[in-house]
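**Q** Input: one structure, supplied below.
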Amino acid sequence: MTGGLPQGLSYQMVRAMREVLLGADPPVSLTQRAVARLAQLRDEATSWAHPGGTVIVRDREGEVRWWTWAGFRANATLVATLSELADPSQRYDDASIRLRPDLDREMWRIATADAAGRICLPDVTEKALAGLKFSAALPSRLATATLAARLADIDSATAVLQEPVRFAYL
């Protein structure tokens, strides 16, 4: 954590990871063990990584996860923007966001129809505010707005919202 903000991987890094899962070879020499493990990961990733956009996966237990491959800050922005679809009891990570278990295609279509035009800044926790340097000298609203702007990745979130979405069932 830096300055009270959680840190994660960037959009570019997570997208590069997705590209490797989709078949791009990393520009390094790999051991036979690494080649075998990468092949296994690529096999597993066919359900949650697609070259034509993002994927929403519903598993056998009913968990719904949106594989955005957007990075931590973009996912924080997407959760704030699509708060009505995000599972409020779960955290997001660098590559995915857990969505409500009752999500269906129609709910998704309605909620995302204008989402790229109404991007929201992420929520800021009290813990993050307490970690902000000089937070005691700032009005609470200004401190919250400052941290929310630092946590957001509006450009990457917008790019993800403009990509096609596939629904998959495991």
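Please note that chains go A, B, ... in the order of the structure tokens, that every chain numbers its residues from 1, and that ligands are numbered from 1 in the order shown.
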Quick one: everything within 9 Å of Thr158 (chain A), counting only C-alpha atoms, minus sequence neighbours fewer than 2 positions away in the same chain. Send it as a list in words.
**A** Ala74, Leu78, Ala115, Ala116, Gly117, Ile119, Asp153, Ile154, Asp155, Ser156, Val160, Leu161, Gln162 and Glu163 of chain A
**Q** Any chance you can output those residues with all heavy atoms as a compact mmCIF listing (two decimals), in the first residue's frame?
**A**
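The resulting file, result22.txt, is reproduced below:
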```
# COMPACT_ATOMS: atom_id res chain seq x y z
N ALA A 74 -8.39 0.04 -12.84
CA ALA A 74 -9.54 0.03 -13.76
C ALA A 74 -10.69 -0.78 -13.16
O ALA A 74 -11.85 -0.39 -13.28
CB ALA A 74 -9.13 -0.53 -15.12
N LEU A 78 -14.45 0.28 -12.48
CA LEU A 78 -15.59 -0.47 -13.02
C LEU A 78 -16.57 -0.86 -11.91
O LEU A 78 -17.79 -0.79 -12.10
CB LEU A 78 -15.11 -1.71 -13.78
CG LEU A 78 -14.39 -1.40 -15.09
CD1 LEU A 78 -13.66 -2.64 -15.60
CD2 LEU A 78 -15.38 -0.89 -16.13
N ALA A 115 -22.81 3.00 -19.60
CA ALA A 115 -21.80 3.02 -18.54
C ALA A 115 -20.54 3.76 -18.94
O ALA A 115 -19.94 4.46 -18.11
CB ALA A 115 -21.46 1.60 -18.10
N ALA A 116 -20.11 3.65 -20.18
CA ALA A 116 -18.87 4.33 -20.60
C ALA A 116 -19.02 5.85 -20.50
O ALA A 116 -18.03 6.56 -20.33
CB ALA A 116 -18.49 3.92 -22.01
N GLY A 117 -20.24 6.34 -20.56
CA GLY A 117 -20.49 7.77 -20.46
C GLY A 117 -20.75 8.27 -19.05
O GLY A 117 -20.95 9.47 -18.84
N ILE A 119 -18.79 7.08 -16.11
CA ILE A 119 -17.75 6.48 -15.27
C ILE A 119 -17.72 7.18 -13.90
O ILE A 119 -17.79 8.40 -13.81
CB ILE A 119 -16.37 6.61 -15.94
CG1 ILE A 119 -16.32 5.82 -17.24
CG2 ILE A 119 -15.25 6.20 -15.01
CD1 ILE A 119 -16.25 4.34 -17.09
N ASP A 153 -8.73 4.48 -12.85
CA ASP A 153 -8.12 4.38 -14.18
C ASP A 153 -9.28 4.49 -15.16
O ASP A 153 -9.83 3.48 -15.62
CB ASP A 153 -7.36 3.08 -14.35
CG ASP A 153 -6.66 2.96 -15.70
OD1 ASP A 153 -6.93 3.80 -16.59
OD2 ASP A 153 -5.86 2.03 -15.87
N ILE A 154 -9.66 5.70 -15.44
CA ILE A 154 -10.85 5.97 -16.25
C ILE A 154 -10.66 5.51 -17.69
O ILE A 154 -11.56 4.90 -18.27
CB ILE A 154 -11.21 7.47 -16.17
CG1 ILE A 154 -11.66 7.79 -14.75
CG2 ILE A 154 -12.28 7.84 -17.19
CD1 ILE A 154 -11.81 9.26 -14.45
N ASP A 155 -9.50 5.78 -18.28
CA ASP A 155 -9.28 5.41 -19.68
C ASP A 155 -9.37 3.89 -19.88
O ASP A 155 -10.01 3.42 -20.82
CB ASP A 155 -7.92 5.91 -20.17
CG ASP A 155 -7.86 7.42 -20.26
OD1 ASP A 155 -8.93 8.08 -20.32
OD2 ASP A 155 -6.73 7.97 -20.27
N SER A 156 -8.75 3.12 -19.00
CA SER A 156 -8.78 1.66 -19.14
C SER A 156 -10.18 1.12 -18.86
O SER A 156 -10.64 0.20 -19.55
CB SER A 156 -7.76 1.02 -18.20
OG SER A 156 -6.46 1.46 -18.54
N VAL A 160 -12.49 -1.05 -21.50
CA VAL A 160 -13.09 -2.36 -21.19
C VAL A 160 -14.59 -2.33 -21.43
O VAL A 160 -15.16 -3.28 -21.99
CB VAL A 160 -12.76 -2.77 -19.73
CG1 VAL A 160 -13.59 -3.96 -19.29
CG2 VAL A 160 -11.28 -3.07 -19.60
N LEU A 161 -15.25 -1.25 -21.05
CA LEU A 161 -16.70 -1.16 -21.25
C LEU A 161 -17.08 -1.13 -22.73
O LEU A 161 -18.21 -1.48 -23.08
CB LEU A 161 -17.25 0.09 -20.54
CG LEU A 161 -17.34 -0.02 -19.03
CD1 LEU A 161 -17.59 1.34 -18.41
CD2 LEU A 161 -18.39 -1.03 -18.62
N GLN A 162 -16.16 -0.75 -23.58
CA GLN A 162 -16.44 -0.69 -25.02
C GLN A 162 -16.14 -2.00 -25.73
O GLN A 162 -16.46 -2.15 -26.90
CB GLN A 162 -15.67 0.47 -25.64
CG GLN A 162 -16.20 1.80 -25.14
CD GLN A 162 -15.36 2.99 -25.55
OE1 GLN A 162 -14.21 2.86 -25.94
NE2 GLN A 162 -15.95 4.17 -25.46
N GLU A 163 -15.57 -2.96 -25.03
CA GLU A 163 -15.27 -4.27 -25.62
C GLU A 163 -16.50 -5.17 -25.60
O GLU A 163 -17.34 -5.05 -24.70
CB GLU A 163 -14.16 -4.97 -24.83
CG GLU A 163 -12.81 -4.34 -24.96
CD GLU A 163 -11.75 -5.09 -24.17
OE1 GLU A 163 -12.07 -5.61 -23.08
OE2 GLU A 163 -10.62 -5.14 -24.64
```
**Q** Can I get the residues of region 33-87 of chain A within 7 Å of region 164-170 of chain A, each with the closest pair of atoms and their distance in Å to one decimal, using only C-alpha atoms, sorted chain first then ascending number, as a Markdown table?
**A**
```
| residue | atom | partner | partner_atom | distance |
| --- | --- | --- | --- | --- |
| A:Ser47 | CA | A:Ala168 | CA | 6.9 |
| A:Gly52 | CA | A:Pro164 | CA | 6.9 |
| A:Gly53 | CA | A:Pro164 | CA | 5.0 |
| A:Thr54 | CA | A:Val165 | CA | 4.9 |
| A:Val55 | CA | A:Arg166 | CA | 4.7 |
| A:Ile56 | CA | A:Phe167 | CA | 4.8 |
| A:Val57 | CA | A:Ala168 | CA | 4.7 |
| A:Arg58 | CA | A:Tyr169 | CA | 4.9 |
| A:Asp59 | CA | A:Leu170 | CA | 4.8 |
| A:Arg60 | CA | A:Leu170 | CA | 6.0 |
```
**Q** With C-alpha atoms retained, could you export that selection as an mmCIF file, in the first residue's frame?
**A**
```cif
data_model
loop_
_atom_site.group_PDB
_atom_site.id
_atom_site.type_symbol
_atom_site.label_atom_id
_atom_site.label_comp_id
_atom_site.auth_asym_id
_atom_site.auth_seq_id
_atom_site.Cartn_x
_atom_site.Cartn_y
_atom_site.Cartn_z
ATOM 1 C CA SER A 47 -13.103 -20.289 -20.191
ATOM 2 C CA GLY A 52 -12.393 -10.835 -28.777
ATOM 3 C CA GLY A 53 -13.244 -9.114 -25.503
ATOM 4 C CA THR A 54 -14.036 -9.815 -21.876
ATOM 5 C CA VAL A 55 -15.803 -12.856 -20.436
ATOM 6 C CA ILE A 56 -18.456 -13.259 -17.760
ATOM 7 C CA VAL A 57 -18.315 -16.765 -16.300
ATOM 8 C CA ARG A 58 -20.947 -18.456 -14.159
ATOM 9 C CA ASP A 59 -19.503 -21.528 -12.465
ATOM 10 C CA ARG A 60 -21.261 -24.640 -11.163
#
```
**Q** Quick one, how far is CA of Cys120 (chain A) from CA of Ala148 (chain A)?
**A** 9.4 Å
**Q** Need to verify the contact set: Glu84 (chain A), 8 Å, only C-alpha atoms, exclusion of same-chain residues closer than 2 positions in sequence. Can you return it as a ChimeraX atom specification?
**A** /A:82,86,111
**Q** Write out as a VMD selection string all residues of chain A that DSSP puts in alpha helix (DSSP H) for this structure's backbone.
**A** chain A and resid 11 to 21 32 to 44 72 to 81 105 to 112 126 to 131 140 to 151 154 to 161
**Q** Excluding Ala152 (chain A) and residues on its chain fewer than 5 positions from it, collect all residues at most 6 Å away from it, counting only C-alpha atoms, and give them as a list of chain:residue names.
**A** A:Arg73, A:Thr77, A:Leu121
**Q** Can you work out the spacing between CA of Ser140 (chain A) and CA of Thr81 (chain A) in Å, to one decimal?
**A** 21.9 Å
**Q** For CA of Ala143 (chain A) and CA of Tyr92 (chain A), determine how far apart the two atoms are, in Å to one decimal place.
**A**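 Answer for the CA of Ala143 (chain A) to CA of Tyr92 (chain A) separation: 23.0 Å.
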**Q** Which residues are close to Arg18 (chain A), i.e. within 9 Å by only C-alpha atoms, leaving aside same-chain residues fewer than 3 positions away? Reply as a PDB file with C-alpha atoms, in the first residue's frame.
**A**
```pdb
ATOM      1  CA  MET A  13       0.595  -5.668 -17.314  1.00  0.00           C
ATOM      2  CA  VAL A  14      -2.643  -7.612 -16.888  1.00  0.00           C
ATOM      3  CA  ARG A  15      -3.425  -7.358 -20.608  1.00  0.00           C
ATOM      4  CA  LEU A  21      -2.580 -17.029 -21.860  1.00  0.00           C
ATOM      5  CA  LEU A  22      -4.102 -16.577 -25.321  1.00  0.00           C
ATOM      6  CA  GLY A  23      -0.947 -17.869 -26.999  1.00  0.00           C
ATOM      7  CA  ALA A  24       1.621 -15.078 -27.246  1.00  0.00           C
ATOM      8  CA  ALA A  45      -7.812 -20.144 -19.380  1.00  0.00           C
ATOM      9  CA  ALA A  49      -9.713 -15.360 -21.498  1.00  0.00           C
ATOM     10  CA  HIS A  50     -10.944 -14.564 -24.999  1.00  0.00           C
ATOM     11  CA  PRO A  51      -9.182 -12.547 -27.703  1.00  0.00           C
ATOM     12  CA  TRP A  69      -8.171  -8.243 -17.572  1.00  0.00           C
ATOM     13  CA  ALA A  95      -8.011  -9.531 -13.592  1.00  0.00           C
TER      14      ALA A  95
END
```
**Q** Enumerate the residues of region 54-90 of chain A with a DSSP assignment of strand (DSSP E or B), computed from the backbone, and present them as a list of chain:residue names.
**A**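 Everything in region 54-90 of chain A that counts as strand (DSSP E or B) is A:Thr54, A:Val55, A:Ile56, A:Val57, A:Arg58, A:Val64, A:Arg65, A:Trp66, A:Trp67, A:Ala86.
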**Q** Could you check the closest approach to Met107 (chain A) for each of A:Val28, A:Val35, A:Phe134, A:Leu85 and tell me which residue wins, using only C-alpha atoms?
**A**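 The shortest atom-to-atom distance to Met107 (chain A) comes from A:Leu85.
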**Q** I need the residue nearest Asp94 (chain A) from this list: A:Gly131, A:Gly62, A:Gly8, A:Pro27. Use only C-alpha atoms for the distance.
**A** A:Gly8
**Q** Looking at only C-alpha atoms, which of A:Ala80, A:Ala157, A:Leu41, A:Leu147 is the one that sits closest to Glu126 (chain A)?
**A**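 Of A:Ala80, A:Ala157, A:Leu41, A:Leu147, the one nearest Glu126 (chain A), counting only C-alpha atoms, is A:Leu147.
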